[in-house]
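Coordinates as given in run.csv (CSV, C-alpha atoms and all ligand atoms):
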```csv
chain,number,residue,atom,x,y,z
A,26,MET,CA,97.8,101.9,83.2
A,27,PRO,CA,96.4,102.9,86.6
A,28,LEU,CA,97.0,100.8,89.7
A,29,THR,CA,93.9,98.8,90.3
A,30,ALA,CA,92.4,98.2,93.7
A,31,GLN,CA,93.5,94.5,93.5
A,32,GLU,CA,97.0,95.5,92.6
A,33,MET,CA,97.1,97.9,95.5
A,34,ARG,CA,95.8,95.3,97.9
A,35,GLU,CA,98.6,92.9,96.9
A,36,LEU,CA,101.1,95.6,98.0
A,37,PHE,CA,99.7,95.5,101.6
A,38,PRO,CA,100.9,92.4,103.5
A,39,ILE,CA,98.3,93.1,106.2
A,40,THR,CA,95.5,92.3,103.9
A,41,GLN,CA,96.5,88.6,103.9
A,42,ARG,CA,95.7,88.2,107.5
A,43,TYR,CA,93.3,90.9,108.5
A,44,ALA,CA,90.2,92.7,107.2
A,45,TYR,CA,91.9,96.0,108.2
A,46,LEU,CA,89.1,98.5,107.9
A,47,ASN,CA,90.8,101.3,109.9
A,48,ALA,CA,92.4,103.8,107.7
A,49,ALA,CA,90.9,106.6,109.7
A,50,SER,CA,93.0,105.5,112.6
A,51,ILE,CA,96.5,104.4,111.5
A,52,ALA,CA,96.9,103.0,108.0
A,53,PRO,CA,99.1,99.9,107.4
A,54,LEU,CA,102.3,100.4,105.4
A,55,ALA,CA,102.5,99.0,101.9
A,56,GLY,CA,105.6,97.1,100.8
A,57,PRO,CA,107.0,100.0,98.7
A,58,VAL,CA,106.6,102.4,101.6
A,59,ARG,CA,108.6,100.2,103.9
A,60,ALA,CA,111.1,99.6,101.2
A,61,ALA,CA,111.7,103.4,100.6
A,62,ILE,CA,112.4,103.8,104.3
A,63,ASP,CA,114.6,100.8,104.4
A,64,VAL,CA,116.7,102.0,101.5
A,65,TYR,CA,117.2,105.3,103.2
A,66,LEU,CA,118.2,103.7,106.5
A,67,GLY,CA,120.5,101.3,104.8
A,68,ARG,CA,122.3,104.1,102.9
A,69,GLN,CA,122.7,106.2,106.0
A,70,GLY,CA,124.1,103.2,107.7
A,71,GLU,CA,126.6,102.4,105.0
A,72,GLU,CA,127.4,105.4,103.0
A,73,PRO,CA,128.4,109.0,103.6
A,74,PHE,CA,125.4,111.3,103.8
A,75,ASP,CA,124.6,112.6,100.3
A,76,GLU,CA,122.7,115.7,101.1
A,77,ALA,CA,122.2,116.8,97.5
A,78,GLN,CA,120.6,113.5,96.6
A,79,TRP,CA,118.2,113.4,99.5
A,80,TRP,CA,117.2,117.0,99.3
A,81,LYS,CA,116.4,116.4,95.6
A,82,LEU,CA,114.2,113.5,96.6
A,83,ARG,CA,112.5,115.6,99.2
A,84,GLU,CA,111.5,118.1,96.5
A,85,GLN,CA,110.2,115.3,94.3
A,86,VAL,CA,107.9,114.2,97.2
A,87,ARG,CA,106.8,117.8,97.6
A,88,GLY,CA,105.9,117.6,93.9
A,89,LEU,CA,103.8,114.6,94.5
A,90,VAL,CA,102.0,116.4,97.4
A,91,GLY,CA,101.1,119.2,94.9
A,92,GLN,CA,100.0,116.7,92.3
A,93,LEU,CA,97.6,114.9,94.8
A,94,LEU,CA,96.2,118.1,96.2
A,95,ARG,CA,96.1,120.0,92.8
A,96,VAL,CA,98.2,122.9,94.2
A,97,ARG,CA,101.6,124.2,93.4
A,98,PRO,CA,104.3,122.3,95.3
A,99,GLU,CA,105.8,125.7,96.5
A,100,THR,CA,102.6,126.2,98.6
A,101,CYS,CA,103.3,123.0,100.6
A,102,ALA,CA,105.4,122.6,103.7
A,103,PHE,CA,106.3,119.4,105.5
A,104,THR,CA,105.4,119.2,109.1
A,105,TYR,CA,105.4,116.3,111.5
A,106,SER,CA,101.7,116.0,112.1
A,107,THR,CA,98.2,117.5,111.6
A,108,THR,CA,98.6,119.2,115.0
A,109,ALA,CA,101.9,120.7,114.0
A,110,GLY,CA,100.4,122.2,110.9
A,111,LEU,CA,97.3,123.7,112.6
A,112,SER,CA,99.6,125.0,115.3
A,113,LEU,CA,101.7,126.9,112.7
A,114,VAL,CA,98.6,129.0,112.1
A,115,ALA,CA,97.7,129.4,115.8
A,116,ALA,CA,101.2,130.5,116.7
A,117,GLY,CA,101.9,132.5,113.6
A,118,LEU,CA,99.1,135.0,113.2
A,119,ASP,CA,99.2,138.5,114.9
A,120,TRP,CA,96.3,138.0,117.3
A,121,HIS,CA,94.7,140.9,119.1
A,122,PRO,CA,92.7,140.7,122.4
A,123,GLY,CA,89.1,140.4,121.5
A,124,ASP,CA,89.7,138.4,118.3
A,125,ASN,CA,87.9,135.1,118.0
A,126,VAL,CA,88.2,131.7,116.3
A,127,VAL,CA,85.1,129.7,115.3
A,128,GLY,CA,85.4,125.9,115.6
A,129,VAL,CA,83.1,122.9,115.6
A,130,HIS,CA,82.0,120.9,118.6
A,131,GLY,CA,83.0,117.2,118.2
A,132,GLU,CA,86.3,117.9,116.4
A,133,TYR,CA,89.3,115.8,117.1
A,134,PRO,CA,91.5,117.6,119.8
A,135,ALA,CA,94.2,118.5,117.2
A,136,ASN,CA,91.8,121.1,115.9
A,137,ILE,CA,90.6,122.3,119.3
A,138,TYR,CA,93.5,122.7,121.6
A,139,PRO,CA,95.7,125.0,119.3
A,140,TRP,CA,92.8,127.5,119.4
A,141,MET,CA,91.8,127.0,123.0
A,142,ALA,CA,95.5,127.7,123.9
A,143,LEU,CA,95.1,131.2,122.4
A,144,GLU,CA,92.7,132.2,125.2
A,145,ASP,CA,95.6,133.4,127.3
A,146,ARG,CA,96.3,135.9,124.5
A,147,GLY,CA,92.8,137.2,124.8
A,148,VAL,CA,91.4,135.2,121.8
A,149,GLU,CA,88.0,133.7,122.3
A,150,PHE,CA,87.4,130.2,120.9
A,151,ARG,CA,83.8,129.6,120.0
A,152,LEU,CA,82.2,126.3,119.1
A,153,TYR,CA,79.4,125.7,116.6
A,154,GLN,CA,77.2,122.8,117.6
A,155,PRO,CA,76.4,120.6,114.6
A,156,VAL,CA,72.7,119.6,114.2
A,157,ASP,CA,72.1,115.9,113.9
A,158,GLY,CA,75.8,115.4,113.2
A,159,ARG,CA,75.8,117.8,110.2
A,160,VAL,CA,77.7,121.0,109.8
A,161,ASP,CA,75.4,123.6,108.2
A,162,PRO,CA,77.4,126.3,106.5
A,163,ALA,CA,74.9,129.0,107.4
A,164,GLY,CA,74.8,127.9,111.0
A,165,LEU,CA,78.6,127.8,111.3
A,166,LEU,CA,79.0,131.2,109.6
A,167,GLY,CA,76.3,132.5,112.0
A,168,ARG,CA,78.8,132.0,114.9
A,169,CYS,CA,81.1,134.5,113.2
A,170,ASP,CA,81.1,138.3,113.9
A,171,GLY,CA,83.3,141.3,113.1
A,172,ARG,CA,86.1,140.0,115.3
A,173,THR,CA,86.3,136.5,113.8
A,174,ARG,CA,89.7,136.0,112.3
A,175,LEU,CA,89.4,132.3,111.4
A,176,VAL,CA,87.1,129.3,111.0
A,177,ALA,CA,88.8,126.0,111.9
A,178,ILE,CA,87.1,122.9,110.6
A,179,SER,CA,87.8,119.3,109.7
A,180,TRP,CA,86.9,118.5,106.1
A,181,VAL,CA,85.6,115.2,107.3
A,182,GLN,CA,84.6,114.8,110.9
A,183,PHE,CA,86.5,111.9,112.5
A,184,TRP,CA,83.6,110.6,114.6
A,185,ASN,CA,80.8,110.3,112.1
A,186,GLY,CA,82.5,110.8,108.7
A,187,PHE,CA,80.5,113.9,107.8
A,188,ARG,CA,82.1,115.8,104.9
A,189,SER,CA,81.6,119.5,105.1
A,190,ASP,CA,80.8,121.8,102.2
A,191,LEU,CA,84.0,123.7,102.1
A,192,GLU,CA,82.9,125.6,99.0
A,193,ALA,CA,80.0,127.2,100.8
A,194,ILE,CA,81.9,127.7,104.0
A,195,GLY,CA,84.9,129.2,102.3
A,196,ARG,CA,82.8,131.5,100.2
A,197,GLY,CA,81.1,132.8,103.3
A,198,CYS,CA,84.5,133.3,105.0
A,199,ARG,CA,85.9,135.2,102.0
A,200,GLN,CA,82.8,137.6,102.1
A,201,ARG,CA,83.6,138.3,105.7
A,202,ASP,CA,87.4,138.5,105.3
A,203,ILE,CA,87.8,135.4,107.6
A,204,PHE,CA,90.5,132.7,107.0
A,205,LEU,CA,89.3,129.1,106.5
A,206,VAL,CA,91.7,126.6,108.1
A,207,VAL,CA,91.1,123.0,107.4
A,208,ASP,CA,92.1,119.8,109.2
A,209,GLY,CA,92.3,117.6,106.1
A,210,VAL,CA,93.6,114.4,107.7
A,211,GLN,CA,90.3,112.4,107.3
A,212,ALA,CA,89.9,113.5,103.7
A,213,ILE,CA,93.1,113.7,101.6
A,214,GLY,CA,94.3,110.4,100.2
A,215,GLY,CA,90.9,108.8,100.6
A,216,LEU,CA,88.8,111.4,98.8
A,217,ASP,CA,89.5,113.2,95.5
A,218,VAL,CA,90.0,116.7,96.8
A,219,GLU,CA,91.0,119.6,94.6
A,220,VAL,CA,92.4,121.8,97.3
A,221,GLY,CA,93.7,124.4,94.9
A,222,SER,CA,90.2,125.2,93.5
A,223,LEU,CA,88.5,125.7,96.9
A,224,PRO,CA,88.3,128.9,98.9
A,225,LEU,CA,90.4,127.6,101.8
A,226,ASP,CA,93.5,129.3,103.2
A,227,PHE,CA,95.3,126.5,105.0
A,228,LEU,CA,95.1,122.7,105.2
A,229,ALA,CA,97.0,120.4,107.4
A,230,ALA,CA,97.2,116.6,107.5
A,231,GLY,CA,99.4,113.9,109.0
A,232,ALA,CA,100.5,111.1,106.6
A,233,GLN,CA,99.5,108.2,108.9
A,234,LYS,CA,95.9,107.8,107.8
A,235,TRP,CA,94.4,108.0,104.3
A,236,LEU,CA,97.8,109.2,102.8
A,237,LEU,CA,99.2,105.7,103.7
A,238,GLY,CA,102.4,107.1,105.0
A,239,PRO,CA,104.4,106.6,108.2
A,240,MET,CA,103.8,108.5,111.5
A,241,GLY,CA,105.7,111.6,112.3
A,242,ILE,CA,105.4,113.3,108.9
A,243,GLY,CA,102.6,115.6,107.6
A,244,VAL,CA,101.9,118.2,105.0
A,245,SER,CA,100.4,121.7,105.1
A,246,TYR,CA,99.1,123.7,102.3
A,247,VAL,CA,99.4,127.5,102.8
A,248,GLY,CA,97.1,129.6,100.5
A,249,PRO,CA,98.2,133.0,99.2
A,250,ARG,CA,95.9,135.1,101.5
A,251,LEU,CA,97.2,133.5,104.6
A,252,PHE,CA,100.8,133.3,103.4
A,253,GLU,CA,101.1,137.1,103.5
A,254,GLN,CA,100.1,137.2,107.2
A,255,LEU,CA,101.6,134.1,108.6
A,256,ARG,CA,104.9,134.3,110.4
A,257,PRO,CA,106.8,131.1,111.1
A,258,SER,CA,107.0,130.3,114.8
A,259,THR,CA,110.1,128.2,114.8
A,260,PHE,CA,113.3,129.3,113.2
A,261,GLY,CA,116.4,127.5,111.9
A,262,THR,CA,118.4,127.2,108.8
A,263,GLU,CA,115.7,125.7,106.7
A,264,ASN,CA,113.4,128.8,107.0
A,265,VAL,CA,115.8,131.1,105.4
A,266,VAL,CA,117.1,131.8,101.9
A,267,LYS,CA,120.7,131.4,102.9
A,268,ASP,CA,120.1,127.9,104.2
A,269,HIS,CA,123.7,126.7,103.6
A,270,GLU,CA,125.6,129.8,104.7
A,271,TYR,CA,126.1,129.0,108.3
A,272,PHE,CA,128.1,132.1,109.3
A,273,ASP,CA,126.3,134.8,107.3
A,274,TYR,CA,123.3,135.2,109.5
A,275,ASP,CA,120.4,136.6,107.5
A,276,LEU,CA,116.8,136.1,108.5
A,277,THR,CA,115.4,136.6,105.0
A,278,LEU,CA,112.7,134.0,104.8
A,279,LYS,CA,112.3,131.7,101.8
A,280,PRO,CA,109.6,133.0,99.4
A,281,THR,CA,107.7,129.7,99.4
A,282,ALA,CA,106.0,127.6,102.1
A,283,ARG,CA,109.4,126.1,102.8
A,284,ARG,CA,109.8,129.1,105.1
A,285,PHE,CA,107.6,127.1,107.6
A,286,GLU,CA,110.2,124.3,107.8
A,287,ASP,CA,112.9,124.9,110.3
A,288,GLY,CA,115.6,122.3,110.9
A,289,SER,CA,116.7,119.0,109.5
A,290,PRO,CA,113.8,117.2,107.9
A,291,ASN,CA,112.3,113.8,108.8
A,292,LEU,CA,113.7,112.2,105.7
A,293,PRO,CA,112.6,108.6,106.5
A,294,GLY,CA,109.1,110.0,106.9
A,295,ILE,CA,109.2,112.1,103.8
A,296,LEU,CA,110.6,109.2,101.6
A,297,GLY,CA,108.0,106.8,103.0
A,298,LEU,CA,105.3,109.3,102.3
A,299,GLY,CA,106.7,109.8,98.8
A,300,ALA,CA,106.3,106.1,98.1
A,301,ALA,CA,102.7,106.1,99.4
A,302,LEU,CA,101.8,109.2,97.4
A,303,ASN,CA,103.3,107.5,94.3
A,304,LEU,CA,100.8,104.7,94.8
A,305,LEU,CA,97.9,107.0,95.3
A,306,VAL,CA,98.8,109.1,92.3
A,307,ARG,CA,99.2,105.9,90.2
A,308,ALA,CA,95.8,104.7,91.3
A,309,GLY,CA,94.2,108.1,90.6
A,310,PRO,CA,92.4,110.0,93.3
A,311,ALA,CA,89.0,109.7,91.5
A,312,ARG,CA,89.3,106.0,91.4
A,313,VAL,CA,90.4,105.7,95.0
A,314,GLU,CA,87.4,107.9,96.1
A,315,ALA,CA,84.9,105.9,94.1
A,316,HIS,CA,86.2,102.6,95.6
A,317,VAL,CA,86.2,104.0,99.2
A,318,LEU,CA,82.7,105.4,98.8
A,319,HIS,CA,81.4,102.2,97.3
A,320,LEU,CA,82.7,100.1,100.2
A,321,ALA,CA,81.3,102.6,102.7
A,322,GLN,CA,77.9,102.6,101.0
A,323,LEU,CA,77.7,98.8,101.2
A,324,LEU,CA,78.0,99.2,104.9
A,325,ARG,CA,75.5,102.1,105.1
A,326,ASP,CA,73.0,99.9,103.2
A,327,GLU,CA,73.7,96.7,105.1
A,328,LEU,CA,74.2,97.7,108.7
A,329,PRO,CA,70.7,99.0,109.3
A,330,ARG,CA,69.2,95.8,107.7
A,331,ARG,CA,71.1,93.8,110.4
A,332,GLY,CA,69.6,96.0,113.2
A,333,TYR,CA,72.6,98.2,113.7
A,334,GLN,CA,72.1,102.0,114.1
A,335,LEU,CA,74.1,104.3,111.9
A,336,VAL,CA,75.5,107.2,113.8
A,337,ALA,CA,74.8,109.7,111.0
A,338,PRO,CA,71.8,108.3,109.2
A,339,GLY,CA,70.5,111.6,107.7
A,340,VAL,CA,73.7,112.5,105.9
A,341,LYS,CA,73.3,113.1,102.1
A,342,PRO,CA,75.5,111.5,99.5
A,343,ALA,CA,77.6,114.7,98.9
A,344,GLU,CA,78.3,114.6,102.7
A,345,HIS,CA,79.6,111.0,102.7
A,346,SER,CA,83.2,110.0,103.2
A,347,GLY,CA,85.2,106.9,103.9
A,348,ILE,CA,84.0,106.8,107.5
A,349,VAL,CA,80.9,104.9,108.6
A,350,SER,CA,80.0,104.8,112.3
A,351,PHE,CA,77.5,102.6,113.9
A,352,ARG,CA,76.1,101.1,117.1
A,353,HIS,CA,74.7,97.7,118.2
A,354,PRO,CA,71.2,98.4,119.6
A,355,ARG,CA,72.1,96.7,122.9
A,356,MET,CA,75.7,95.5,123.1
A,357,VAL,CA,78.5,97.8,124.3
A,358,PRO,CA,81.0,98.6,121.6
A,359,ASP,CA,84.0,97.0,123.4
A,360,GLU,CA,82.1,93.7,123.3
A,361,VAL,CA,81.4,94.0,119.6
A,362,ASP,CA,84.9,95.1,118.9
A,363,ALA,CA,86.4,92.1,120.8
A,364,ARG,CA,84.3,89.7,118.7
A,365,LEU,CA,85.5,91.4,115.5
A,366,ARG,CA,89.2,91.2,116.6
A,367,ASP,CA,88.8,87.5,117.3
A,368,ALA,CA,87.7,87.3,113.6
A,369,ARG,CA,90.7,89.5,112.6
A,370,VAL,CA,88.5,92.3,111.6
A,371,ILE,CA,90.0,95.6,112.6
A,372,LEU,CA,88.1,98.9,113.2
A,373,SER,CA,88.0,101.5,115.9
A,374,ARG,CA,85.8,102.2,118.9
A,375,ARG,CA,85.0,105.9,119.3
A,376,GLY,CA,82.8,107.0,122.2
A,377,ASP,CA,79.8,104.6,122.4
A,378,PHE,CA,80.0,103.4,118.8
A,379,LEU,CA,82.3,101.7,116.3
A,380,ARG,CA,83.9,103.4,113.3
A,381,VAL,CA,84.8,101.6,110.1
A,382,SER,CA,87.0,103.2,107.4
A,383,PRO,CA,87.8,101.1,104.2
A,384,HIS,CA,90.5,102.3,101.8
A,385,TYR,CA,91.6,101.4,98.3
A,386,TYR,CA,93.4,98.2,99.6
A,387,ASN,CA,90.1,96.8,101.0
A,388,ASN,CA,87.6,94.8,99.0
A,389,GLU,CA,84.1,93.5,99.2
A,390,ASP,CA,85.3,90.4,100.9
A,391,ASP,CA,86.6,92.5,103.8
A,392,ILE,CA,83.2,94.1,104.1
A,393,ASP,CA,81.6,90.6,104.1
A,394,ARG,CA,84.0,89.4,106.8
A,395,LEU,CA,83.0,92.3,108.9
A,396,LEU,CA,79.3,91.7,108.4
A,397,GLU,CA,79.6,88.0,109.1
A,398,ALA,CA,81.6,88.6,112.3
A,399,LEU,CA,79.1,91.1,113.7
A,400,PRO,CA,76.9,89.7,116.4
A,401,ALA,CA,73.2,89.7,115.7
B,501,LIG,C1,90.3,114.9,112.5
B,501,LIG,C2,91.7,114.5,113.0
B,501,LIG,N1,92.6,115.4,113.1
B,501,LIG,C3,93.9,115.1,113.5
B,501,LIG,C4,94.2,113.7,113.9
B,501,LIG,C5,95.5,113.4,114.3
B,501,LIG,O1,96.4,114.5,114.5
B,501,LIG,P1,97.9,114.3,114.4
B,501,LIG,O2,98.3,114.0,113.0
B,501,LIG,O3,98.4,115.6,114.9
B,501,LIG,O4,98.3,113.1,115.3
B,501,LIG,C6,93.2,112.8,113.9
B,501,LIG,C7,93.5,111.4,114.3
B,501,LIG,O5,92.7,110.7,114.8
B,501,LIG,C8,91.9,113.2,113.4
B,501,LIG,O6,90.9,112.2,113.3
```

Kindly transcribe the structure held in the file into structure tokens.
Ligand SMILES: Cc1ncc(COP(=O)(O)O)c(C=O)c1O
Amino acid sequence: MPLTAQEMRELFPITQRYAYLNAASIAPLAGPVRAAIDVYLGRQGEEPFDEAQWWKLREQVRGLVGQLLRVRPETCAFTYSTTAGLSLVAAGLDWHPGDNVVGVHGEYPANIYPWMALEDRGVEFRLYQPVDGRVDPAGLLGRCDGRTRLVAISWVQFWNGFRSDLEAIGRGCRQRDIFLVVDGVQAIGGLDVEVGSLPLDFLAAGAQKWLLGPMGIGVSYVGPRLFEQLRPSTFGTENVVKDHEYFDYDLTLKPTARRFEDGSPNLPGILGLGAALNLLVRAGPARVEAHVLHLAQLLRDELPRRGYQLVAPGVKPAEHSGIVSFRHPRMVPDEVDARLRDARVILSRRGDFLRVSPHYYNNEDDIDRLLEALPA
């Protein structure tokens, strides 16, 4: 039997006190996630370290990552954040002066600075300007030319929740022999994403948002086209085949995405993420997405009726995600946010607007609490 939204809610202690509508920022931890970390910490405190057991569990968590993303687990590497994943690509390709990277204006800095930092290697970083908050695949591809190596884009934009058409963008990239690199942190876990069936070459996400994991752990998917060309940029015993032969130095890299992991893993993070993935897989990604989009739609319908302005009003259903951003017509967002916090309704202020992001543990009562607490 799948885990229902109500059963999920009961696993999140925070839901008893708050209408926590802020998965796009930092998700709360479920009881089982915390328990998985506690068990690990307890064992390490009281028992000799049992490497074989923990390494086996790490690979089970990798299996869950593969299951959620619909990719082979061998194509997934653990990283410590979205930034670390994207930086693997920025640091690991053989750039030539005159190459360029095409990004999107308004992206979160994690998907800007790794590319900007390539400028001192002679790589130009170009920005496509979305029109009315929408990324038009043809417009984005129009920024590419014969020297474009890579397009770097968020699947879902963190500020207005716009979901990009990766199928169209990826197809255009393939035709031009350009890599498509995706910041997936605002999509995976909340939306039902079949990474393996899309024409993308790399995806990075931290666990701390829609994946419901702890901070300091993330996952990256490395597609076959990029795998061939991507060199690890940090090296230690985990990258190599002979990862337990400490005196027989041999830099033969592992044949899987594990070659992008370097030293001792963040086990508490991996195990916490594993418990979170277990919940998401038990719930079923399609059911989670339907619930998230339903709650987000209630807000899209109701906020304008109450005089609030949606930040991305023209976005079509296929472009929706779990993020809805809005403004009060007159009041500054900090003032609205303060009123909401007094009512224990938690969301984020971004720029001159507020951003709400319900997950599977939220329900319609949380949405009502938000709507009731909003000043007229
Ligand atoms: C689109 C996007 N990328 C990345 C991040 C965070 O990156 P990291 O996991 O490196 O902290 C955020 C967080 O707000 C985000 O919205």

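Considering all atoms listed in the file, the residue among A:Pro139, A:Glu314, A:Glu263, A:Ala398 positioned nearest to Ile371 in chain A is A:Ala398.
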
Subject >> Nearest residue to Ala311 in chain A from the set A:Glu72, A:Leu82, A:Val218, A:Ala142 (distances using all atoms listed in the file) >> reply: A:Val218

Original post:
Mind listing the residues within 10 Å of ligand LIG 501 (chain B), only C-alpha atoms and all ligand atoms counted, as a count of residues only?
Top reply: 45

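Proximity ranking of A:Val90, A:Gly339, A:Ala115, A:Pro162 relative to Met141 in chain A places A:Ala115 first, based on all atoms listed in the file.
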
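We find CA of Asp226 in chain A and CA of Leu302 in chain A to be spaced 22.5 Å apart.
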
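Our summary of the geometry notes that CA of Val127 in chain A is positioned 16.6 Å from CA of Leu251 in chain A.
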
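Considering the residues A:Ser346, A:Leu324, A:Arg95, A:Arg352 and counting all atoms listed in the file, Leu396 in chain A has its shortest atom-to-atom contact with A:Leu324.
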
Original post:
Which residue, A:His316, A:His345, A:His269, A:Arg364, has the smallest gap to Glu76 in chain A when you use only C-alpha atoms?
Top reply: A:His269

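Pairwise distance (CA of Gly288 in chain A, CA of Thr262 in chain A) equals 6.0 Å.
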
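Minimum distance to Asn387 in chain A across A:Leu276, A:Val349, A:Ile39, A:Cys169 (counting all atoms listed in the file) occurs at A:Ile39.
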
**OP:** Determine, counting all atoms listed in the file, which protein, DNA and RNA residues have an atom within 12 Å of an atom of Val265 in chain A; residues of the same chain fewer than 2 positions away are not included. Present the result as JSON, numbers by chain.
**Re:** {"A": [257, 259, 260, 261, 262, 263, 267, 268, 269, 270, 271, 273, 274, 275, 276, 277, 278, 279, 280, 281, 282, 283, 284, 285, 286, 287, 288]}

Got time to write the residues from that selection, C-alpha atoms, as a PDB file, in the frame of the given file?
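Contents of the output file again_31.pdb:
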```pdb
ATOM      1  CA  PRO A 257     106.800 131.100 111.100  1.00  0.00           C
ATOM      2  CA  THR A 259     110.100 128.200 114.800  1.00  0.00           C
ATOM      3  CA  PHE A 260     113.300 129.300 113.200  1.00  0.00           C
ATOM      4  CA  GLY A 261     116.400 127.500 111.900  1.00  0.00           C
ATOM      5  CA  THR A 262     118.400 127.200 108.800  1.00  0.00           C
ATOM      6  CA  GLU A 263     115.700 125.700 106.700  1.00  0.00           C
ATOM      7  CA  LYS A 267     120.700 131.400 102.900  1.00  0.00           C
ATOM      8  CA  ASP A 268     120.100 127.900 104.200  1.00  0.00           C
ATOM      9  CA  HIS A 269     123.700 126.700 103.600  1.00  0.00           C
ATOM     10  CA  GLU A 270     125.600 129.800 104.700  1.00  0.00           C
ATOM     11  CA  TYR A 271     126.100 129.000 108.300  1.00  0.00           C
ATOM     12  CA  ASP A 273     126.300 134.800 107.300  1.00  0.00           C
ATOM     13  CA  TYR A 274     123.300 135.200 109.500  1.00  0.00           C
ATOM     14  CA  ASP A 275     120.400 136.600 107.500  1.00  0.00           C
ATOM     15  CA  LEU A 276     116.800 136.100 108.500  1.00  0.00           C
ATOM     16  CA  THR A 277     115.400 136.600 105.000  1.00  0.00           C
ATOM     17  CA  LEU A 278     112.700 134.000 104.800  1.00  0.00           C
ATOM     18  CA  LYS A 279     112.300 131.700 101.800  1.00  0.00           C
ATOM     19  CA  PRO A 280     109.600 133.000  99.400  1.00  0.00           C
ATOM     20  CA  THR A 281     107.700 129.700  99.400  1.00  0.00           C
ATOM     21  CA  ALA A 282     106.000 127.600 102.100  1.00  0.00           C
ATOM     22  CA  ARG A 283     109.400 126.100 102.800  1.00  0.00           C
ATOM     23  CA  ARG A 284     109.800 129.100 105.100  1.00  0.00           C
ATOM     24  CA  PHE A 285     107.600 127.100 107.600  1.00  0.00           C
ATOM     25  CA  GLU A 286     110.200 124.300 107.800  1.00  0.00           C
ATOM     26  CA  ASP A 287     112.900 124.900 110.300  1.00  0.00           C
ATOM     27  CA  GLY A 288     115.600 122.300 110.900  1.00  0.00           C
TER      28      GLY A 288
END
```

Subject >> Polymer residues at most 9 Å from Asn303 in chain A, all atoms listed in the file, same-chain spacing of 4 or more positions, as a PyMOL selection string >> reply: chain A and resi 86+89+298-299+307-308
